[in-house]
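Visitor: Next up is a structure, given as structure tokens.
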Amino acid sequence: MNQIKVFAPATVANVSCGYDAMGFALSELGDDMVFTKTDTKTVSIIEIHGANLPFEADKNVVGVVAKLMLKDSNADFGLDIKIYKNFMPGSGLGSSAASAAGTAYAVNQLLSSKYNNLQLTKFAMQGEVAACGSAIADNVAACIYGGFILVRSYDPLDIVSIPTPSELVATIIHPQIEIKTEDARKVVPETISLKTAIAQWANVGGLISGLYASDFDLIGNSLIDYVAEPKRKLLIPHFNEVKKAALNAGALGIGISGSGPSIFALNKGMFAAKQVAEAMDGVYDASGIAYNIYVSRISKKGVHVI
Ligand code: ADP
């Protein structure tokens with residue numbers, strides 16, 4: 001195989017109560033990338049569409065991950081890479097993660113599947129280090145494994161795939177405001193009380209049970225974040241109104257996607273998801289802030305060849 005084209009899904013990290021430990025992949029939103037083998041043994045990003053990102057291989061997560069893998073595997077080829085960004089970096093939908101995970105998956109295909117998903121996640125996490133300074137796994141793992149994932153442990157890295165009920169559909173609103181990841185991190189408290197911790201892990205248990213049992217009420221009731229959302233929502237205009245409107249329109253639950261500013265809702269079925277999209281639209285339409293709304297099923301396969 002000399003060339004491969006992949007779709008790398010956008011991902012929702014945290015999933016409310018699963019702060020820094022859970023994520024899921026979207027099937028209808030993501031980036032496309034094309035990787036072509038060359039004889040030069042170098043990695044060149046030759047085209048970037050849809051976003052203003054660095055072409056230098058060492059500054060773009062795509063180049064960082066590709067170089068790492070070619071070196072680790074002693075590959076006898078180089079790569080020309082085209083990147084098609086279909087959603088914006090800094091949206092809280094795992095833009096750098098889609099690039100990093102998509103690269104890990106594609107390069108592995110060109111290496112005849114030398115590495116397993118856990119190893120690919122570790123390579124992709126190095127891309128996250130290049131993008132934001134920390135080796136975060138929730139977005140890249142959701143992109144690679146597909147469906148819902150739990151990062152059960154970082155040391156050793158342990159990624160658990162959680163079953164995804166087919167009827168689950170996400171609605172996402174991305175207000176086009178900038179929230180610096182640094183600022184979103186700063187507002188989250190460094191310590192929490194035992195009472196808060198108990199409430200949080202009880203909901204994580206509820207969410208995971210709900211996903212296993214396709215119990216939509218339990219999924220919705222468990223989508224509560226006592227740790228990050230109370231502070232982070234203050235950075236997102238109209239968060240409370242969007243939440244109220246989405247829940248009134250039938251959303252199972254709602255939360256902040258990653259570190260924001262995107263807000264996600266989980267719904268039972270496409271009809272409900274579209275009703276919720278209309279409700280979110282109603283709140284933001286009057287606000288004067290530019291925004292995008294997406295309705296998407298959950299991608300059970302994650303990054304894949306197209
Ligand atoms: P998001 O909030 O959507 O998850 P991230 O915070 O993950 O976005 O990533 C954005 C940062 O990563 C930006 O500083 C961007 O310049 C950097 N970056 C480097 N390479 C890429 C890439 N290929 N795709 C997206 N972002 C990249």
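Following the order of the structure tokens, chains are lettered A, B, ..., residues in each are numbered from 1, and ligands are numbered from 1.
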Please identify all protein, DNA and RNA residues within 6 Å of ligand 1, counting only C-alpha atoms and all ligand atoms, and report them as a PyMOL selection string.

Guide: chain A and resi 53+60-62+89-97+99+131

Visitor: List as a list in words the protein and nucleic acid residues near Ile144 (chain A), meaning an atom at most 9 Å away when only C-alpha atoms are counted, but skip any in the same chain fewer than 3 places from it.

Guide: Ala8, Pro9, Ala25, Ala98, Ala101, Gly102, Ala104, Tyr105, Asn117, Leu118, Leu120, Thr121, Asn139, Val140, Ala141, Lys301, Gly302, Val303 and His304 of chain A

Visitor: Of the candidates A:Tyr84, A:Tyr115, A:Phe148, A:Phe123, which one gets nearest to Val6 (chain A) if we count only C-alpha atoms?

Guide: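 Going through A:Tyr84, A:Tyr115, A:Phe148, A:Phe123 one by one, the smallest distance to Val6 (chain A) is for A:Tyr84.
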
Visitor: Can you tell me, as a list in words, which residues in region 170-222 of chain A count as strand (DSSP E) by DSSP?

Guide: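 Of region 170-222 of chain A, only Ala170, Thr171, Ile172, Ile173, His174 and Pro175 of chain A fall in strand (DSSP E).
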
Visitor: Excluding Gly260 (chain A) and any residue of its chain fewer than 5 positions from it, enumerate the residues within 10 Å of it, using only C-alpha atoms, and give them as a count of residues only.

Guide: 20
